[in-house]
Each structure stands twice: as C-alpha cells, then as structure tokens.
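Visitor: One structure, as structure tokens, below. Some questions next.
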Amino acid sequence: MKKTLKYLIIIDIIAEKGDRMMKNDLPLTPKFPKLLHGGDYNPDQWLKYPDILEKDIQLMKQANINCVSMGIFSWINLEPEEGVYTFDWLTKIIDNLYANGIYTVLATPSGARPAWMAQKYPEVMRVNQDGVRLKFGGRHNHCYSSPIYREKVRQIDTRLAKQYAGHPGVILWHISNEFSGECYCPLCQEAFREWLKKKYGTLENLNDTWWTNFWSHRYTDWEQIQPPQPTGEQDIHGLSLDWKRFATDRTLDFFKMEKEAVHSANPEIPVTTNLMEFGEGLNYFKFKNDLDVVSWDSYPLWHNSLQSDARTAADTALTHDLMRSLLHRPFLLMESTPSTTNWLDISKLKRPGMHMLSSMQAVALGSNSVQYFQWRKGRGCSEKFHGAVVDHYGGSDTRVFRDVAQVGDRLKKLDENTDLYSTCVSPECALIFDWENRWAVEDARGPRNRGIKYNETVLSFHRSFWDLGIPVDIADMECDFSRYKLVVAPMLYLYRADIQKKLADFVRNGGTLVGTYWSGIVDENDLCFLGGTPGGLMDVFGIRSEEIDALCDGEHNRLMMCGNVPEGMKKEYSISDLCDLIHCSSAKPLAEYGDDFYKGRPALTVNSYGKGRAYYLAARTEDPFNRDLIAALAKQAGVQKSLDTCLPDGVTASRRSGKHDYIFVENFNSVPVKVQLPGTFRDAESGESLSAELTLEGYGVRILTEA
C-alpha cells in the first residue's frame, strides 16, 4: 500500500507540474520492473481448444516467457453484441498467466471494430482519398473523428480499466495498435476546417500563409477548403503540410482519449502504443509528451540480396535510436518475428544465431524487452503463416522455439546478475530527422522529383555513427541540443520551432554542427525565405547558397579535399544527385568540386562561430565520406566511442550506462571476427577477464564491463 501511495503521489506531481524527468526515473513497468520476454497472445482464437490454452502455459514457461500482450484485436469476444460484455474468458486467462509468473500487457481493442458496429454505424468506417466509404474488413480503417466510434471505444476502454486496472498481473496498457492512416469523411473535413480556424484565425491569414494567389486558388469561404486529394487540390504546399499536421493531431487526440479512459480507474499503470519505424503519416515526436513508455514493432529483412546484414542492422538501429530518443529512456521492443514474416515479398528465415543477435541489438540500444508477433500461429486468415514461437506442429522441439528459449534464458540471467534494466544509452551526438521537414521536402516539386532522398541521407549519416560505434540520438527541430557535442542536420529544407536560434546557440556555446545542401529554403509554412539561404543560419555557416544543380541518376562529380583537411580524410570522394553552388563569406573551404562548370568552387566548408564550428556540406556524399567526416569531427569534439577501438566491418559496439556500464559488441557477419580491445574488460555474463583481443563468433554478441 505504501509503495502504491508513493507512486500515485509521484504521478500527481507529474500531472500538475509536467516534470517528465521525474517520470522518466520510474521503471517502465513498476509492477514488474524486469526485462520483458514474451509476445502477442491471442487466446480468443483458441477458446474452443482448452487443451491448447492449457499447453500454452507449459510452453511459455519452457520458453522463459514472462509477459504477453493480449486483447489487441479481441473486441468481438469482449463485446459480441452492442452493450453486452463478456470478460470472463479474459479474466480466467489473465489469472492463470499470473499464477504461473506471466504478466499481461493489456490492449484496448480499437484497432479493429466488430462487424455489428460497422453494420449499424457506417460512419465509423473511413472514407478514402477518392471519397469512397470503406466497407467492413481489414483493420486500422476507422474514423478518428466519428463521435460514435469514440464513444464506443471509450465505453469498452473504461470497462476494461474498471475490470483489470487493479489486477496485479496487468503491468502496462497497450493503446490500440499501430496507429496510421487518414480519413476524408465529412466529419474529418469539418474537423480540419476547425483546426485551421484555430490556427489562422482568419481566411486572410490562411490565404497569405498558403500563398493562394497562385493559380487564383484564393479561398473566400472556409467551406471551400478540402484536404489534398487526387481529384482536387494538390498544388498548395501549405495545405498539404497542414493536412499532415492535422492528421497527426487527430490521431494523437484519439490516443489521449483512450489514455484518459484506461487511466480513469487507476492512473498507476503506464500507457504505451506500438509505433512503426519512420512511418510517413504520423509525427511520432508529437506523441512523446503523452506516452509513458515508447514501444515499437521491428521487422527487418535479414539475409536479403540487396544489402549485407550489417547494413540491415544499421537501418534497424536508426529506429531503435529514434524510439529511445523520444523520451531519453529505455523503450520496449513490442513486436518482432522469432523466425519470418508472411507479408514481405520474400519471407527469409533467420539464419542460426541471428535471432539472438537481433534481439540483443535491441537491448543494446535501449530496449528493456524482446517481444514477438506472435506466440502461436493461427490456423486461418492472412497471418496463419507469419512467424511464431509455436507453429502449427505445436511442440517445443523446433529450432525457433529453442532460439526463443535461449533469448529468454539470457534475459533472465541478465536480470538476476546485472543492473542492466536500470541503464540506458546516453549519446553525446544527435542526428536531426524531422517529420514536418520530410513532408515538405518530399512535396517541394524540385530539384529532384525522381528522388530527393531525405530519408536515405539521414540513414547514410546514421550508418557512420553505427560503423564507428558512436552512440547517437535522433532529434527533431523541437528538441533541446544543449546536451550534445556534435549535431548533424542533413537537408533541413524547412526551418521551424526556432531551429535557427537553437543551432546558432549550440555552435556559439562550443558545439560542432554539420549542415548540408538544400537547407534553410523555406519557413514553417513552406514559404521561401527572402534575402538568401540557408535561412537565418548564413552567418553561422559563413556561406550563402546561390543555386543548386541536380545530377541525373548515375551521374557523379568529385569532392576534392583542400586546405586544412580533417584527420583521416582521403583526398577525393564521389558525390551525386545534388550540388549546391555556394559563396563563402567567413567560412573556409575544406573541399572543392572536381568537375563541371563549377569545378573549384567550395564543396565543404568550416566556419568558426563563437566557441564552436559549423561545417557545411554542399553536395550529397556517400557512406565512405560521411563515415570519415563523422570520425574526424567526433574525435575533434571529444566524443567518446562505446568501445575506443577500430571496429571491423560489420561489427558495432553500443554502451548502456548507469551505476555500471555495459558494452555490447555485435558481429553482423556470418563468420568469426576479432576485435582489438583497448584495455582489460570482464564478460558481464560469464565473469571471464578479457584483454588485448575479443573473438566474436559469426552473428555473435558479447556484453562487456570495464575492469
């Protein structure tokens, strides 16, 4: 009782003062502060098979499962008829799980509504871009504006909360599932207009901000405004940008409604929702103030023919870093596949060792869980061949089951023998990825409509940090940069949230900033800056951009180093896609173009500003240059690597810090490698003393502590 009261007092302080730091000091799941191992469990599909439900408990214990997610798509079994609730089956299963040491992440069922609701209340279904009302079927296709749908969701969420919020086995609320999509129904269109009225106040302000005198598209009545659609307006970029902002706000408002419902009975249980990589439609940074715990669903395609496993690992690491960065605390890996997926073009099996390695990668980068979709394969419908811990055979004597049990055993021992749970990754570097900037730059109509490659550019810089074993946070323009030594800001086409002042202050106070071409072009409303670019950062970078050349696919120029070359840089690098033609004011050239009519003009510059330095990269460079540049600037800025050594190709290192530090050294090659150690270390699991050299098996991972 005293612990519960103390927790509630802390929650009250958070609610009243908005002190997220205090909240972030709490365990992710206070009722069960352990590394979680489990997955999506759908017992409602097996209610007519009691022998299977009984066997599930036995198998979960064999697989070292301590937590399952339930109820995500269970609405029809929770409310088979309107107003008729049948929770007995769920109560029995939660009780039985808890009696066997297995905890529950309980979901609200709003991700897919039952057929009776769509039949009686058609308005709960979305309208697509073409204005067609969707029929019943699928999932994630409900209208967030529908008063009926909101009320039905609120009702069932509230009943679930009253029934289970006090259950000792329920440790986390899982709100809905993979929020996504937009609705174009009359209700959403009217909500959009109200959102615009609140933002702009008058049509005059809206028209001026959207530049609607273009093509005589000026609005004279609020009712004339419709979302961007294939059969309507698609050329007002301010409209398109605001519609995407509205879609995020509408989704977030729906999430907050559900959070309020489940907290109505007991605010002690934290709340999460499972996010999905860098999905285009929703700005996840907008969710951070309302999420108690961040979680996401990870489904990389290992062993594919397009890139190495190391590149796939680096791609996946970018999202792990994003999820940790949202709250600057550990997150949860809510879904992953223990074997394969069924919805990719090619469904590859994980090679021996990859399941352990990919699971530990998540933990290394800040996850306090490894969870799966799904526990048991269903017998029918579209996910019957998706990977699962237990397949249709139903036994524990399978390769996948053994792999999962080994991960569970490892997590259990880490919990027992280390304080890993209470540690997190604490980077000194940040890489800016901003959703609103992404929306704007991809809608800009130039200079490369065949691929502006914003995401790819961010990914390439992130690979540099991954290859070097340097921890990095993912930030948007609303974040605070004062905690970092090095900030990389690629392609900040759109400036918002006072980013000019934030970055100027960062450099003035001693930080190192890397900016690039196609930055500072427009303001937050997608209106071009007058007076020169990059916007308000020309003095910080000491340059002015005059024009930009777009190269054809397969066309390349050369970046030739000159002047005071940073340590470790080569003399020449390949560049492609975009070449910014700049003038130096106070900046000093470090590289110049090697070809074309702008041969000899600056391609990389550095400018001293206050106590820091700002580097401007004028052209799109490739991985080798980005890696060499980040290595040089990180060393210059005094950034610490996770392991102070030169890592072999395909090997990375990640450090989780706290009372003790834990260094994960991961080999994403299928063959053994040797890593030179910069001192004496101890294996955190075996206690073995290690010095000089560490041997990693193919797809191997070791966890070290400093001696």
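Labels used: A, B, ... for chains in the order of the structure tokens, numbers from 1 for residues in each chain, and numbers from 1 for ligands as shown.
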Could you give me, as number ranges by chain, the residues within 10 Å of Glu190 of chain A, counting only C-alpha atoms and dropping anything in the same chain fewer than 2 positions from it?

Guide: A: 145, 184-188, 192-196, 222-223, 225-226

Visitor: As an NGL selection string, please: all residues of segment 366-418 of chain A that backbone DSSP puts in strand (DSSP E or B).

Guide: :A and (367 or 369-372 or 376 or 390)

Visitor: Show me, as an mmCIF file with N, CA and C atoms, in the first residue's frame, the residues that have an atom within 9 Å of Ser586 of chain A when counting only C-alpha atoms, minus same-chain residues fewer than 2 positions from it.

Guide:
```cif
data_model
loop_
_atom_site.group_PDB
_atom_site.id
_atom_site.type_symbol
_atom_site.label_atom_id
_atom_site.label_comp_id
_atom_site.auth_asym_id
_atom_site.auth_seq_id
_atom_site.Cartn_x
_atom_site.Cartn_y
_atom_site.Cartn_z
ATOM 1 N N ASP A 539 25.092 33.293 -41.310
ATOM 2 C CA ASP A 539 26.224 33.753 -40.510
ATOM 3 C C ASP A 539 26.880 32.605 -39.756
ATOM 4 N N PHE A 541 27.041 29.393 -40.679
ATOM 5 C CA PHE A 541 27.844 28.599 -41.620
ATOM 6 C C PHE A 541 28.859 29.446 -42.373
ATOM 7 N N GLY A 542 28.641 30.745 -42.412
ATOM 8 C CA GLY A 542 29.562 31.626 -43.119
ATOM 9 C C GLY A 542 29.497 31.478 -44.622
ATOM 10 N N ILE A 543 28.335 31.088 -45.129
ATOM 11 C CA ILE A 543 28.180 30.889 -46.577
ATOM 12 C C ILE A 543 26.812 31.395 -47.027
ATOM 13 N N CYS A 584 31.431 31.746 -50.073
ATOM 14 C CA CYS A 584 31.946 31.844 -48.712
ATOM 15 C C CYS A 584 32.031 33.313 -48.297
ATOM 16 N N LYS A 588 35.773 28.906 -44.406
ATOM 17 C CA LYS A 588 36.979 28.493 -45.119
ATOM 18 C C LYS A 588 36.716 27.185 -45.854
ATOM 19 N N VAL A 606 34.164 25.146 -43.416
ATOM 20 C CA VAL A 606 34.093 25.225 -41.960
ATOM 21 C C VAL A 606 34.098 26.692 -41.567
ATOM 22 N N ASN A 607 33.308 27.013 -40.556
ATOM 23 C CA ASN A 607 33.233 28.390 -40.089
ATOM 24 C C ASN A 607 33.295 28.403 -38.566
ATOM 25 N N SER A 608 34.190 29.218 -38.024
ATOM 26 C CA SER A 608 34.241 29.410 -36.581
ATOM 27 C C SER A 608 33.159 30.405 -36.191
#
```

Visitor: Kindly give the distance, in Å, that separates atom CA of Ser396 of chain A and atom CA of Lys48 of chain A, rounded to a single decimal.

Guide: 21.9 Å

Visitor: Could you pull the residues within 10 Å of Tyr393 of chain A, counting only C-alpha atoms, minus those fewer than 4 positions along the same chain, as a PyMOL selection string?

Guide: chain A and resi 377+397-398

Visitor: Write out, as a PDB file, in the first residue's frame, the residues just selected, with N, CA and C atoms.

Guide:
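What landed in out_24.pdb:
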```pdb
ATOM      1  N   LYS A 377       0.928 -19.560 -33.962  1.00  0.00           N
ATOM      2  CA  LYS A 377       0.350 -19.344 -35.283  1.00  0.00           C
ATOM      3  C   LYS A 377      -1.143 -19.688 -35.286  1.00  0.00           C
ATOM      4  N   ASP A 397      10.109 -28.810 -29.570  1.00  0.00           N
ATOM      5  CA  ASP A 397      11.327 -29.351 -30.158  1.00  0.00           C
ATOM      6  C   ASP A 397      11.528 -28.839 -31.583  1.00  0.00           C
ATOM      7  N   THR A 398      11.566 -27.507 -31.718  1.00  0.00           N
ATOM      8  CA  THR A 398      11.822 -26.879 -33.024  1.00  0.00           C
ATOM      9  C   THR A 398      12.982 -25.901 -32.866  1.00  0.00           C
TER      10      THR A 398
END
```

Visitor: Atom CA of Arg402 of chain A to atom CA of Phe668 of chain A: how many Å, to one decimal?

Guide: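 Computed distance, atom CA of Arg402 of chain A to atom CA of Phe668 of chain A, equals 20.7 Å.
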
Visitor: Hey, what's within 6 Å of segment 428-442 of chain A if we count only C-alpha atoms and toss same-chain stuff fewer than 6 positions away? As a list in words, please?

Guide: Asn283, Val472, Asp473, Ile474, Ala475, Asp476, Tyr484, Lys485, Leu486, Val487, Val488, Ala489 and Leu494 of chain A

Visitor: Taking all heavy atoms for each residue, export the selection above as an mmCIF file, in the first residue's frame.

Guide:
```cif
data_model
loop_
_atom_site.group_PDB
_atom_site.id
_atom_site.type_symbol
_atom_site.label_atom_id
_atom_site.label_comp_id
_atom_site.auth_asym_id
_atom_site.auth_seq_id
_atom_site.Cartn_x
_atom_site.Cartn_y
_atom_site.Cartn_z
ATOM 1 N N ASN A 283 3.799 12.096 -37.106
ATOM 2 C CA ASN A 283 4.990 12.661 -36.484
ATOM 3 C C ASN A 283 5.081 12.110 -35.066
ATOM 4 O O ASN A 283 4.417 12.591 -34.154
ATOM 5 C CB ASN A 283 4.883 14.185 -36.475
ATOM 6 C CG ASN A 283 6.084 14.850 -35.816
ATOM 7 O OD1 ASN A 283 6.984 14.187 -35.305
ATOM 8 N ND2 ASN A 283 6.097 16.173 -35.819
ATOM 9 N N VAL A 472 24.235 7.721 -30.803
ATOM 10 C CA VAL A 472 23.641 8.930 -31.369
ATOM 11 C C VAL A 472 22.148 8.942 -31.075
ATOM 12 O O VAL A 472 21.476 7.914 -31.140
ATOM 13 C CB VAL A 472 23.904 9.019 -32.894
ATOM 14 C CG1 VAL A 472 23.300 7.833 -33.637
ATOM 15 C CG2 VAL A 472 23.394 10.338 -33.469
ATOM 16 N N ASP A 473 21.648 10.116 -30.698
ATOM 17 C CA ASP A 473 20.217 10.322 -30.543
ATOM 18 C C ASP A 473 19.625 10.816 -31.847
ATOM 19 O O ASP A 473 20.313 11.446 -32.664
ATOM 20 C CB ASP A 473 19.934 11.372 -29.460
ATOM 21 C CG ASP A 473 19.912 10.797 -28.053
ATOM 22 O OD1 ASP A 473 19.771 9.566 -27.927
ATOM 23 O OD2 ASP A 473 20.027 11.579 -27.095
ATOM 24 N N ILE A 474 18.325 10.560 -32.028
ATOM 25 C CA ILE A 474 17.576 11.114 -33.149
ATOM 26 C C ILE A 474 16.707 12.237 -32.598
ATOM 27 O O ILE A 474 15.952 12.036 -31.645
ATOM 28 C CB ILE A 474 16.709 10.044 -33.836
ATOM 29 C CG1 ILE A 474 17.558 8.812 -34.162
ATOM 30 C CG2 ILE A 474 16.062 10.607 -35.089
ATOM 31 C CD1 ILE A 474 18.764 9.072 -35.045
ATOM 32 N N ALA A 475 16.830 13.416 -33.187
ATOM 33 C CA ALA A 475 16.128 14.593 -32.680
ATOM 34 C C ALA A 475 15.333 15.245 -33.802
ATOM 35 O O ALA A 475 15.659 15.099 -34.977
ATOM 36 C CB ALA A 475 17.130 15.599 -32.113
ATOM 37 N N ASP A 476 14.271 15.965 -33.410
ATOM 38 C CA ASP A 476 13.612 16.824 -34.387
ATOM 39 C C ASP A 476 13.903 18.271 -34.011
ATOM 40 O O ASP A 476 14.665 18.550 -33.084
ATOM 41 C CB ASP A 476 12.112 16.520 -34.481
ATOM 42 C CG ASP A 476 11.298 17.066 -33.327
ATOM 43 O OD1 ASP A 476 11.884 17.429 -32.280
ATOM 44 O OD2 ASP A 476 10.066 17.123 -33.462
ATOM 45 N N TYR A 484 24.444 17.977 -26.270
ATOM 46 C CA TYR A 484 25.305 17.293 -27.240
ATOM 47 C C TYR A 484 26.585 18.074 -27.545
ATOM 48 O O TYR A 484 26.663 19.288 -27.362
ATOM 49 C CB TYR A 484 24.531 17.064 -28.542
ATOM 50 C CG TYR A 484 23.247 16.299 -28.336
ATOM 51 C CD1 TYR A 484 22.008 16.922 -28.519
ATOM 52 C CD2 TYR A 484 23.256 14.970 -27.933
ATOM 53 C CE1 TYR A 484 20.822 16.233 -28.324
ATOM 54 C CE2 TYR A 484 22.077 14.272 -27.733
ATOM 55 C CZ TYR A 484 20.855 14.913 -27.921
ATOM 56 O OH TYR A 484 19.681 14.227 -27.714
ATOM 57 N N LYS A 485 27.565 17.341 -28.043
ATOM 58 C CA LYS A 485 28.807 17.940 -28.534
ATOM 59 C C LYS A 485 28.808 18.080 -30.050
ATOM 60 O O LYS A 485 29.435 18.995 -30.587
ATOM 61 C CB LYS A 485 30.003 17.079 -28.108
ATOM 62 C CG LYS A 485 30.237 17.013 -26.613
ATOM 63 C CD LYS A 485 31.437 16.124 -26.288
ATOM 64 C CE LYS A 485 31.696 16.077 -24.786
ATOM 65 N NZ LYS A 485 32.856 15.194 -24.466
ATOM 66 N N LEU A 486 28.135 17.145 -30.729
ATOM 67 C CA LEU A 486 28.115 17.124 -32.193
ATOM 68 C C LEU A 486 26.682 16.927 -32.664
ATOM 69 O O LEU A 486 25.996 16.015 -32.194
ATOM 70 C CB LEU A 486 29.002 15.978 -32.705
ATOM 71 C CG LEU A 486 28.944 15.650 -34.201
ATOM 72 C CD1 LEU A 486 29.446 16.817 -35.046
ATOM 73 C CD2 LEU A 486 29.763 14.388 -34.503
ATOM 74 N N VAL A 487 26.219 17.783 -33.571
ATOM 75 C CA VAL A 487 24.887 17.669 -34.148
ATOM 76 C C VAL A 487 25.009 17.650 -35.666
ATOM 77 O O VAL A 487 25.675 18.514 -36.258
ATOM 78 C CB VAL A 487 23.975 18.841 -33.719
ATOM 79 C CG1 VAL A 487 22.666 18.826 -34.504
ATOM 80 C CG2 VAL A 487 23.693 18.773 -32.221
ATOM 81 N N VAL A 488 24.378 16.669 -36.290
ATOM 82 C CA VAL A 488 24.347 16.570 -37.745
ATOM 83 C C VAL A 488 22.924 16.864 -38.201
ATOM 84 O O VAL A 488 21.972 16.233 -37.737
ATOM 85 C CB VAL A 488 24.789 15.171 -38.227
ATOM 86 C CG1 VAL A 488 24.752 15.092 -39.745
ATOM 87 C CG2 VAL A 488 26.190 14.864 -37.711
ATOM 88 N N ALA A 489 22.787 17.830 -39.109
ATOM 89 C CA ALA A 489 21.464 18.314 -39.531
ATOM 90 C C ALA A 489 21.353 18.255 -41.053
ATOM 91 O O ALA A 489 21.462 19.275 -41.730
ATOM 92 C CB ALA A 489 21.254 19.740 -39.037
ATOM 93 N N LEU A 494 13.145 22.858 -44.429
ATOM 94 C CA LEU A 494 12.151 23.680 -43.745
ATOM 95 C C LEU A 494 12.654 24.016 -42.352
ATOM 96 O O LEU A 494 13.043 23.128 -41.596
ATOM 97 C CB LEU A 494 10.819 22.930 -43.675
ATOM 98 C CG LEU A 494 9.645 23.571 -42.941
ATOM 99 C CD1 LEU A 494 8.329 23.211 -43.635
ATOM 100 C CD2 LEU A 494 9.589 23.107 -41.480
#
```

Visitor: Could you check which of A:Leu696, A:Leu333, A:Met257, A:Met538 is closest to Leu36 of chain A, using only C-alpha atoms?

Guide: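 Residue with the minimum atom-to-atom distance to Leu36 of chain A: A:Leu333.
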
Visitor: DSSP on the backbone: which residues in segment 400-518 of chain A end up as helix (DSSP H, G or I)? Give the answer as a PyMOL selection string.

Guide: chain A and resi 400-417+420-422+435-442+454-468+499-508

Visitor: Within 6 Å of segment 672-688 of chain A, counting only C-alpha atoms, which residues show up once you throw out same-chain ones fewer than 6 positions away? Write them as a list in words, please.

Guide: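 Everything that qualifies: Leu694, Thr695, Leu696, Glu697, Gly698, Ile703, Leu704, Thr705, Glu706 and Ala707 of chain A.
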
Visitor: For the residues selected in the previous step, produce a file with all heavy atoms as a PDB file, in the first residue's frame.

Guide:
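That gives us again03.pdb:
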```
ATOM      1  N   LEU A 694      39.262  -9.745 -28.565  1.00  0.00           N
ATOM      2  CA  LEU A 694      37.980 -10.413 -28.328  1.00  0.00           C
ATOM      3  C   LEU A 694      37.574 -11.135 -29.598  1.00  0.00           C
ATOM      4  O   LEU A 694      37.518 -10.532 -30.675  1.00  0.00           O
ATOM      5  CB  LEU A 694      36.907  -9.384 -27.952  1.00  0.00           C
ATOM      6  CG  LEU A 694      35.470  -9.903 -27.825  1.00  0.00           C
ATOM      7  CD1 LEU A 694      35.340 -10.832 -26.622  1.00  0.00           C
ATOM      8  CD2 LEU A 694      34.487  -8.738 -27.714  1.00  0.00           C
ATOM      9  N   THR A 695      37.289 -12.424 -29.501  1.00  0.00           N
ATOM     10  CA  THR A 695      36.815 -13.193 -30.646  1.00  0.00           C
ATOM     11  C   THR A 695      35.300 -13.289 -30.595  1.00  0.00           C
ATOM     12  O   THR A 695      34.724 -13.698 -29.583  1.00  0.00           O
ATOM     13  CB  THR A 695      37.423 -14.606 -30.652  1.00  0.00           C
ATOM     14  OG1 THR A 695      38.848 -14.509 -30.758  1.00  0.00           O
ATOM     15  CG2 THR A 695      36.896 -15.408 -31.850  1.00  0.00           C
ATOM     16  N   LEU A 696      34.659 -12.894 -31.691  1.00  0.00           N
ATOM     17  CA  LEU A 696      33.206 -12.986 -31.819  1.00  0.00           C
ATOM     18  C   LEU A 696      32.866 -14.027 -32.870  1.00  0.00           C
ATOM     19  O   LEU A 696      33.378 -13.980 -33.991  1.00  0.00           O
ATOM     20  CB  LEU A 696      32.612 -11.628 -32.245  1.00  0.00           C
ATOM     21  CG  LEU A 696      32.617 -10.497 -31.220  1.00  0.00           C
ATOM     22  CD1 LEU A 696      32.207  -9.192 -31.892  1.00  0.00           C
ATOM     23  CD2 LEU A 696      31.671 -10.814 -30.079  1.00  0.00           C
ATOM     24  N   GLU A 697      32.012 -14.962 -32.515  1.00  0.00           N
ATOM     25  CA  GLU A 697      31.541 -15.931 -33.489  1.00  0.00           C
ATOM     26  C   GLU A 697      30.682 -15.234 -34.547  1.00  0.00           C
ATOM     27  O   GLU A 697      30.242 -14.098 -34.368  1.00  0.00           O
ATOM     28  CB  GLU A 697      30.726 -17.024 -32.793  1.00  0.00           C
ATOM     29  CG  GLU A 697      31.526 -17.846 -31.796  1.00  0.00           C
ATOM     30  CD  GLU A 697      32.678 -18.582 -32.462  1.00  0.00           C
ATOM     31  OE1 GLU A 697      32.490 -19.077 -33.592  1.00  0.00           O
ATOM     32  OE2 GLU A 697      33.760 -18.650 -31.864  1.00  0.00           O
ATOM     33  N   GLY A 698      30.439 -15.933 -35.653  1.00  0.00           N
ATOM     34  CA  GLY A 698      29.521 -15.399 -36.644  1.00  0.00           C
ATOM     35  C   GLY A 698      28.169 -15.133 -36.008  1.00  0.00           C
ATOM     36  O   GLY A 698      27.639 -16.002 -35.311  1.00  0.00           O
ATOM     37  N   ILE A 703      28.748  -9.141 -24.093  1.00  0.00           N
ATOM     38  CA  ILE A 703      28.436  -7.986 -23.258  1.00  0.00           C
ATOM     39  C   ILE A 703      29.582  -7.814 -22.276  1.00  0.00           C
ATOM     40  O   ILE A 703      29.862  -8.709 -21.464  1.00  0.00           O
ATOM     41  CB  ILE A 703      27.109  -8.173 -22.510  1.00  0.00           C
ATOM     42  CG1 ILE A 703      25.988  -8.501 -23.504  1.00  0.00           C
ATOM     43  CG2 ILE A 703      26.763  -6.909 -21.725  1.00  0.00           C
ATOM     44  CD1 ILE A 703      24.665  -8.854 -22.837  1.00  0.00           C
ATOM     45  N   LEU A 704      30.251  -6.659 -22.343  1.00  0.00           N
ATOM     46  CA  LEU A 704      31.437  -6.410 -21.547  1.00  0.00           C
ATOM     47  C   LEU A 704      31.183  -5.341 -20.501  1.00  0.00           C
ATOM     48  O   LEU A 704      30.333  -4.459 -20.675  1.00  0.00           O
ATOM     49  CB  LEU A 704      32.601  -5.950 -22.447  1.00  0.00           C
ATOM     50  CG  LEU A 704      32.899  -6.747 -23.710  1.00  0.00           C
ATOM     51  CD1 LEU A 704      34.086  -6.133 -24.433  1.00  0.00           C
ATOM     52  CD2 LEU A 704      33.149  -8.208 -23.395  1.00  0.00           C
ATOM     53  N   THR A 705      31.929  -5.428 -19.412  1.00  0.00           N
ATOM     54  CA  THR A 705      32.028  -4.328 -18.462  1.00  0.00           C
ATOM     55  C   THR A 705      33.505  -3.995 -18.309  1.00  0.00           C
ATOM     56  O   THR A 705      34.375  -4.844 -18.536  1.00  0.00           O
ATOM     57  CB  THR A 705      31.443  -4.685 -17.081  1.00  0.00           C
ATOM     58  OG1 THR A 705      32.131  -5.822 -16.561  1.00  0.00           O
ATOM     59  CG2 THR A 705      29.968  -4.984 -17.188  1.00  0.00           C
ATOM     60  N   GLU A 706      33.779  -2.748 -17.923  1.00  0.00           N
ATOM     61  CA  GLU A 706      35.169  -2.352 -17.775  1.00  0.00           C
ATOM     62  C   GLU A 706      35.722  -2.856 -16.453  1.00  0.00           C
ATOM     63  O   GLU A 706      35.083  -2.729 -15.410  1.00  0.00           O
ATOM     64  CB  GLU A 706      35.282  -0.829 -17.855  1.00  0.00           C
ATOM     65  CG  GLU A 706      34.962  -0.308 -19.259  1.00  0.00           C
ATOM     66  CD  GLU A 706      34.886   1.200 -19.334  1.00  0.00           C
ATOM     67  OE1 GLU A 706      34.269   1.792 -18.435  1.00  0.00           O
ATOM     68  OE2 GLU A 706      35.432   1.764 -20.294  1.00  0.00           O
ATOM     69  N   ALA A 707      36.886  -3.427 -16.515  1.00  0.00           N
ATOM     70  CA  ALA A 707      37.508  -3.975 -15.308  1.00  0.00           C
ATOM     71  C   ALA A 707      37.936  -2.829 -14.402  1.00  0.00           C
ATOM     72  O   ALA A 707      38.315  -1.766 -14.872  1.00  0.00           O
ATOM     73  CB  ALA A 707      38.705  -4.829 -15.683  1.00  0.00           C
TER      74      ALA A 707
END
```
